[in-house]
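**Q** This one is upload-v5.pdb, PDB, C-alpha atoms, pLDDT in the B column.
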```
ATOM      1  CA  MET D 506      55.832  86.333  97.774  1.00 67.00           C
ATOM      2  CA  LYS D 507      56.325  83.030  99.575  1.00 69.00           C
ATOM      3  CA  SER D 508      53.944  81.127  97.263  1.00 71.00           C
ATOM      4  CA  PHE D 509      55.635  82.726  94.242  1.00 65.00           C
ATOM      5  CA  PHE D 510      59.018  81.415  95.460  1.00 64.00           C
ATOM      6  CA  ILE D 511      57.597  77.919  96.039  1.00 71.00           C
ATOM      7  CA  PHE D 512      56.074  77.931  92.536  1.00 68.00           C
ATOM      8  CA  PHE D 513      59.455  78.711  90.929  1.00 63.00           C
ATOM      9  CA  MET D 514      61.220  76.101  93.074  1.00 67.00           C
ATOM     10  CA  MET D 515      58.751  73.435  91.978  1.00 67.00           C
ATOM     11  CA  LEU D 516      59.043  74.551  88.365  1.00 61.00           C
ATOM     12  CA  GLY D 517      62.854  74.302  88.608  1.00 62.00           C
ATOM     13  CA  ILE D 518      62.631  70.797  90.028  1.00 63.00           C
ATOM     14  CA  LEU D 519      60.304  69.661  87.224  1.00 58.00           C
ATOM     15  CA  ILE D 520      62.533  71.172  84.535  1.00 62.00           C
ATOM     16  CA  ALA D 521      65.715  69.717  86.057  1.00 60.00           C
ATOM     17  CA  ARG D 522      64.416  66.173  85.693  1.00 56.00           C
ATOM     18  CA  GLU D 523      63.658  64.762  82.285  1.00 54.00           C
ATOM     19  CA  ASN D 524      60.288  63.347  83.254  1.00 53.00           C
ATOM     20  CA  PRO D 525      59.357  63.119  86.924  1.00 52.00           C
ATOM     21  CA  PHE D 526      56.746  60.432  86.269  1.00 52.00           C
ATOM     22  CA  VAL D 527      58.985  57.873  84.504  1.00 54.00           C
ATOM     23  CA  LEU D 528      61.689  55.817  86.222  1.00 52.00           C
ATOM     24  CA  PRO D 529      65.190  56.102  84.727  1.00 55.00           C
ATOM     25  CA  ALA D 530      66.215  53.142  82.523  1.00 54.00           C
ATOM     26  CA  SER D 531      68.745  51.801  85.055  1.00 54.00           C
ATOM     27  CA  THR D 532      66.069  51.737  87.771  1.00 49.00           C
ATOM     28  CA  GLN D 533      63.647  49.936  85.449  1.00 44.00           C
ATOM     29  CA  GLU D 534      66.294  47.262  84.777  1.00 50.00           C
ATOM     30  CA  ASN D 535      66.835  46.832  88.514  1.00 54.00           C
ATOM     31  CA  VAL D 536      63.096  46.378  89.080  1.00 45.00           C
ATOM     32  CA  GLU D 537      62.971  43.673  86.380  1.00 46.00           C
ATOM     33  CA  GLN D 538      66.041  41.874  87.772  1.00 54.00           C
ATOM     34  CA  LYS D 539      64.634  41.797  91.315  1.00 58.00           C
ATOM     35  CA  ALA D 540      61.856  39.527  90.090  1.00 56.00           C
ATOM     36  CA  ASP D 541      64.375  36.915  88.876  1.00 79.00           C
ATOM     37  CA  ARG D 542      66.442  36.827  92.067  1.00 83.00           C
ATOM     38  CA  VAL D 543      66.753  33.495  93.782  1.00 86.00           C
ATOM     39  CA  GLN D 544      68.795  34.465  96.836  1.00 91.00           C
ATOM     40  CA  GLU D 545      70.831  37.371  98.218  1.00 94.00           C
ATOM     41  CA  LEU D 546      73.712  37.199 100.696  1.00 94.00           C
ATOM     42  CA  HIS D 547      74.910  40.373 102.410  1.00 94.00           C
ATOM     43  CA  TYR D 548      78.203  40.760 104.267  1.00 93.00           C
ATOM     44  CA  PRO D 549      79.941  43.980 105.388  1.00 92.00           C
ATOM     45  CA  PHE D 550      82.373  43.950 102.445  1.00 92.00           C
ATOM     46  CA  LEU D 551      80.627  41.752  99.856  1.00 94.00           C
ATOM     47  CA  THR D 552      77.163  41.126  98.453  1.00 95.00           C
ATOM     48  CA  ALA D 553      76.313  38.040  96.405  1.00 95.00           C
ATOM     49  CA  ILE D 554      73.078  37.964  94.392  1.00 95.00           C
ATOM     50  CA  PHE D 555      72.057  34.674  92.783  1.00 93.00           C
ATOM     51  CA  TYR D 556      69.735  34.349  89.790  1.00 91.00           C
ATOM     52  CA  GLN D 557      68.680  31.227  87.869  1.00 85.00           C
ATOM     53  CA  ASP D 558      71.535  31.315  85.314  1.00 85.00           C
ATOM     54  CA  HIS D 559      74.097  33.735  86.783  1.00 91.00           C
ATOM     55  CA  PHE D 560      75.227  35.475  89.928  1.00 93.00           C
ATOM     56  CA  VAL D 561      76.609  38.887  90.830  1.00 95.00           C
ATOM     57  CA  ILE D 562      79.367  39.693  93.310  1.00 96.00           C
ATOM     58  CA  LYS D 563      79.481  43.302  94.514  1.00 96.00           C
ATOM     59  CA  THR D 564      82.602  44.398  96.365  1.00 94.00           C
ATOM     60  CA  LYS D 565      85.125  47.226  96.432  1.00 94.00           C
ATOM     61  CA  ASP D 566      88.000  44.754  96.838  1.00 93.00           C
ATOM     62  CA  PRO D 567      90.127  44.024  93.743  1.00 93.00           C
ATOM     63  CA  LEU D 568      89.887  40.592  92.127  1.00 93.00           C
ATOM     64  CA  LYS D 569      93.165  38.685  92.358  1.00 93.00           C
ATOM     65  CA  LYS D 570      92.309  35.442  90.558  1.00 93.00           C
ATOM     66  CA  ILE D 571      89.351  33.516  89.188  1.00 93.00           C
ATOM     67  CA  PHE D 572      89.271  29.881  88.132  1.00 92.00           C
ATOM     68  CA  LEU D 573      86.923  26.962  87.561  1.00 92.00           C
ATOM     69  CA  LEU D 574      87.357  23.543  89.184  1.00 91.00           C
ATOM     70  CA  GLU D 575      86.168  20.466  87.315  1.00 89.00           C
ATOM     71  CA  SER D 576      85.724  17.966  90.132  1.00 86.00           C
ATOM     72  CA  PRO D 577      83.916  19.012  92.216  1.00 90.00           C
ATOM     73  CA  ALA D 578      82.431  21.654  89.922  1.00 92.00           C
ATOM     74  CA  LYS D 579      83.190  25.034  91.531  1.00 94.00           C
ATOM     75  CA  ILE D 580      83.771  28.656  90.585  1.00 94.00           C
ATOM     76  CA  VAL D 581      86.527  30.119  92.755  1.00 95.00           C
ATOM     77  CA  LEU D 582      87.259  33.833  93.164  1.00 95.00           C
ATOM     78  CA  ASP D 583      90.178  35.244  95.153  1.00 95.00           C
ATOM     79  CA  PHE D 584      89.994  38.867  96.295  1.00 94.00           C
ATOM     80  CA  LYS D 585      93.168  40.781  97.129  1.00 93.00           C
ATOM     81  CA  LYS D 586      92.335  42.178 100.534  1.00 90.00           C
ATOM     82  CA  ARG D 587      93.255  41.020 104.017  1.00 89.00           C
ATOM     83  CA  ARG D 588      90.069  40.278 105.912  1.00 90.00           C
ATOM     84  CA  SER D 589      89.521  38.500 109.189  1.00 90.00           C
ATOM     85  CA  PHE D 590      86.312  36.508 109.552  1.00 91.00           C
ATOM     86  CA  TYR D 591      85.067  33.002 110.211  1.00 93.00           C
ATOM     87  CA  THR D 592      84.305  30.822 107.200  1.00 94.00           C
ATOM     88  CA  LYS D 593      80.789  31.316 105.848  1.00 95.00           C
ATOM     89  CA  ARG D 594      78.814  28.471 104.255  1.00 96.00           C
ATOM     90  CA  VAL D 595      75.323  28.864 102.809  1.00 96.00           C
ATOM     91  CA  ASP D 596      73.216  26.331 100.876  1.00 95.00           C
ATOM     92  CA  LEU D 597      71.602  27.955  97.837  1.00 92.00           C
ATOM     93  CA  ASN D 598      68.046  27.525  96.563  1.00 88.00           C
ATOM     94  CA  SER D 599      69.028  27.551  92.901  1.00 87.00           C
ATOM     95  CA  THR D 600      68.748  25.063  90.058  1.00 86.00           C
ATOM     96  CA  LEU D 601      72.354  25.738  88.989  1.00 90.00           C
ATOM     97  CA  PHE D 602      74.244  26.754  92.136  1.00 92.00           C
ATOM     98  CA  GLU D 603      74.500  24.471  95.141  1.00 93.00           C
ATOM     99  CA  LYS D 604      76.566  26.150  97.861  1.00 95.00           C
ATOM    100  CA  PHE D 605      78.275  29.491  98.639  1.00 96.00           C
ATOM    101  CA  GLU D 606      81.468  29.417 100.729  1.00 97.00           C
ATOM    102  CA  MET D 607      83.719  32.281 101.761  1.00 96.00           C
ATOM    103  CA  GLY D 608      86.903  32.026 103.793  1.00 95.00           C
ATOM    104  CA  ALA D 609      89.772  34.250 104.916  1.00 94.00           C
ATOM    105  CA  HIS D 610      93.366  33.441 104.036  1.00 92.00           C
ATOM    106  CA  ARG D 611      96.619  35.183 104.908  1.00 90.00           C
ATOM    107  CA  ARG D 612      96.664  37.929 102.228  1.00 91.00           C
ATOM    108  CA  TYR D 613      93.316  37.411 100.490  1.00 94.00           C
ATOM    109  CA  TYR D 614      89.886  35.966 100.931  1.00 94.00           C
ATOM    110  CA  ARG D 615      88.253  33.349  98.737  1.00 96.00           C
ATOM    111  CA  VAL D 616      84.705  32.932  97.492  1.00 96.00           C
ATOM    112  CA  ALA D 617      83.720  29.505  96.142  1.00 96.00           C
ATOM    113  CA  VAL D 618      80.386  28.684  94.543  1.00 95.00           C
ATOM    114  CA  SER D 619      79.656  24.967  94.131  1.00 95.00           C
ATOM    115  CA  LEU D 620      77.780  24.023  90.981  1.00 93.00           C
ATOM    116  CA  LYS D 621      75.256  21.240  90.578  1.00 90.00           C
ATOM    117  CA  ASP D 622      76.684  20.455  87.138  1.00 89.00           C
ATOM    118  CA  ARG D 623      79.559  21.591  84.882  1.00 86.00           C
ATOM    119  CA  CYS D 624      79.177  24.838  82.983  1.00 86.00           C
ATOM    120  CA  LYS D 625      80.921  27.258  80.649  1.00 88.00           C
ATOM    121  CA  LEU D 626      81.817  30.405  82.530  1.00 89.00           C
ATOM    122  CA  LYS D 627      81.350  33.876  81.054  1.00 92.00           C
ATOM    123  CA  ILE D 628      82.523  36.872  83.109  1.00 91.00           C
ATOM    124  CA  LYS D 629      81.524  40.512  82.818  1.00 93.00           C
ATOM    125  CA  LYS D 630      83.474  43.003  84.913  1.00 91.00           C
ATOM    126  CA  ARG D 631      81.948  46.309  85.945  1.00 91.00           C
ATOM    127  CA  PRO D 632      83.231  48.816  88.493  1.00 89.00           C
ATOM    128  CA  GLN D 633      82.892  47.171  91.917  1.00 91.00           C
ATOM    129  CA  GLU D 634      80.812  44.364  90.412  1.00 93.00           C
ATOM    130  CA  LEU D 635      81.353  40.968  88.759  1.00 93.00           C
ATOM    131  CA  LEU D 636      78.685  39.165  86.732  1.00 93.00           C
ATOM    132  CA  LEU D 637      79.321  35.465  86.265  1.00 93.00           C
ATOM    133  CA  PHE D 638      77.150  33.608  83.767  1.00 91.00           C
ATOM    134  CA  CYS D 639      77.012  29.836  83.751  1.00 85.00           C
ATOM    135  CA  LYS D 640      75.852  28.132  80.540  1.00 81.00           C
TER     136      LYS D 640
END
```
Show me this structure written as structure tokens.
**A**
Amino acid sequence: MKSFFIFFMMLGILIARENPFVLPASTQENVEQKADRVQELHYPFLTAIFYQDHFVIKTKDPLKKIFLLESPAKIVLDFKKRRSFYTKRVDLNSTLFEKFEMGAHRRYYRVAVSLKDRCKLKIKKRPQELLLFCK
């Protein structure tokens, strides 16, 4: 009786999944993207992932403002959440991005990514994620 029950449980698990031997498409994309990663920065409320031609900011905090500075070339993002932390500065090992800086202000915190050269900015917004492409 016990082996019969286990057989039906395993059969139910196999039927519930489309194909247990193939990764879902979203997981396959993530595996491919991991190969292109240049650098990852993890903080309690924000994760920044840098690739060769773009970077991703993952956070639950709402975006207040985004703008591009010409001289020096920088992408600046303001997030509408009061946070208290010391300023973070990290040099990046990328061909396009030079430095990551994050600092707390009175009613928001700011993320600034210094660029090695000017670029055209293209932004894709997803839930709790921003993709910023630099061309």
**Q** On this structure, the PyMOL selection byres ((chain D and resi 586-591) around 6) would catch which residues? List them as a PyMOL selection string, sorted by chain and number.
**A** chain D and resi 584-585+592+612-613
**Q** Point out the residue among D:Lys565, D:Arg611, D:His559, D:Lys570 with the least atom-to-atom distance to Lys625 (chain D), counting all atoms listed in the file.
**A** D:His559
**Q** Pick from D:Phe572, D:Phe638, D:Phe605, D:Phe560: nearest to Val543 (chain D), with all atoms listed in the file counted?
**A**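 When distances to Val543 (chain D) are compared using all atoms listed in the file, the smallest one comes from D:Phe560.
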**Q** To verify the selection step, state as an mmCIF file with C-alpha atoms, keeping the file's coordinate frame which residues the PyMOL selection byres ((chain D and resi 582) around 9) yields on this input.
**A**
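Resulting contents of selection19.cif:
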```cif
data_model
loop_
_atom_site.group_PDB
_atom_site.id
_atom_site.type_symbol
_atom_site.label_atom_id
_atom_site.label_comp_id
_atom_site.auth_asym_id
_atom_site.auth_seq_id
_atom_site.Cartn_x
_atom_site.Cartn_y
_atom_site.Cartn_z
ATOM 1 C CA LEU D 568 89.887 40.592 92.127
ATOM 2 C CA LYS D 569 93.165 38.685 92.358
ATOM 3 C CA LYS D 570 92.309 35.442 90.558
ATOM 4 C CA ILE D 571 89.351 33.516 89.188
ATOM 5 C CA PHE D 572 89.271 29.881 88.132
ATOM 6 C CA LEU D 573 86.923 26.962 87.561
ATOM 7 C CA ILE D 580 83.771 28.656 90.585
ATOM 8 C CA VAL D 581 86.527 30.119 92.755
ATOM 9 C CA ASP D 583 90.178 35.244 95.153
ATOM 10 C CA PHE D 584 89.994 38.867 96.295
ATOM 11 C CA TYR D 614 89.886 35.966 100.931
ATOM 12 C CA ARG D 615 88.253 33.349 98.737
ATOM 13 C CA VAL D 616 84.705 32.932 97.492
ATOM 14 C CA ALA D 617 83.720 29.505 96.142
ATOM 15 C CA VAL D 618 80.386 28.684 94.543
#
```
**Q** Would you mind telling me which residue in D:Lys621, D:Ala609, D:Ile562, D:Lys629 lies nearest to His547 (chain D) when using only C-alpha atoms?
**A**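 Under the stated criterion, the closest residue is D:Ile562.
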**Q** One decimal, Å: what's the distance from CA of Arg542 (chain D) over to CA of Tyr556 (chain D), could you say?
**A** 4.7 Å
**Q** Find the spatial neighbours of Glu603 (chain D), counting only C-alpha atoms, within a cut-off of 12 Å - ignore same-chain residues fewer than 3 positions away - and output them as an mmCIF file with C-alpha atoms, in the coordinates of the input.
**A**
```cif
data_model
loop_
_atom_site.group_PDB
_atom_site.id
_atom_site.type_symbol
_atom_site.label_atom_id
_atom_site.label_comp_id
_atom_site.auth_asym_id
_atom_site.auth_seq_id
_atom_site.Cartn_x
_atom_site.Cartn_y
_atom_site.Cartn_z
ATOM 1 C CA VAL D 543 66.753 33.495 93.782
ATOM 2 C CA GLN D 544 68.795 34.465 96.836
ATOM 3 C CA PHE D 555 72.057 34.674 92.783
ATOM 4 C CA GLN D 557 68.680 31.227 87.869
ATOM 5 C CA PRO D 577 83.916 19.012 92.216
ATOM 6 C CA ALA D 578 82.431 21.654 89.922
ATOM 7 C CA LYS D 579 83.190 25.034 91.531
ATOM 8 C CA ILE D 580 83.771 28.656 90.585
ATOM 9 C CA ARG D 594 78.814 28.471 104.255
ATOM 10 C CA VAL D 595 75.323 28.864 102.809
ATOM 11 C CA ASP D 596 73.216 26.331 100.876
ATOM 12 C CA LEU D 597 71.602 27.955 97.837
ATOM 13 C CA ASN D 598 68.046 27.525 96.563
ATOM 14 C CA SER D 599 69.028 27.551 92.901
ATOM 15 C CA THR D 600 68.748 25.063 90.058
ATOM 16 C CA GLU D 606 81.468 29.417 100.729
ATOM 17 C CA ALA D 617 83.720 29.505 96.142
ATOM 18 C CA VAL D 618 80.386 28.684 94.543
ATOM 19 C CA SER D 619 79.656 24.967 94.131
ATOM 20 C CA LEU D 620 77.780 24.023 90.981
ATOM 21 C CA LYS D 621 75.256 21.240 90.578
ATOM 22 C CA ASP D 622 76.684 20.455 87.138
ATOM 23 C CA ARG D 623 79.559 21.591 84.882
#
```
**Q** Can you report as lines of an AutoDock Vina configuration file the centre and edge lengths in Å, to one decimal, of an axis-aligned box around the listed atoms of region 579-595 of chain D padded with 5 Å on each side?
**A**
```
center_x = 84.3
center_y = 33.6
center_z = 100.4
size_x = 27.9
size_y = 27.1
size_z = 29.6
```
**Q** Please indicate the distance in Å from CA of Asp558 (chain D) to CA of Leu546 (chain D), rounded to one decimal place.
**A**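 Computed distance, CA of Asp558 (chain D) to CA of Leu546 (chain D), equals 16.6 Å.
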**Q** Distance CA of Thr552 (chain D)-CA of Glu575 (chain D), one decimal place?
**A**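 For CA of Thr552 (chain D) relative to CA of Glu575 (chain D), the distance reads 25.1 Å.
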**Q** The PyMOL selection byres ((chain D and resi 632) around 10) on the file shown: which residues, as a ChimeraX atom specification?
**A** /D:563-565,567,630-631,633-635
**Q** Considering all atoms listed in the file, can you say which of D:Lys593, D:Lys604, D:Lys627, D:His610 comes closest to Cys639 (chain D)?
**A**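 Once distances to Cys639 (chain D) are computed over all atoms listed in the file, the minimum belongs to D:Lys627.
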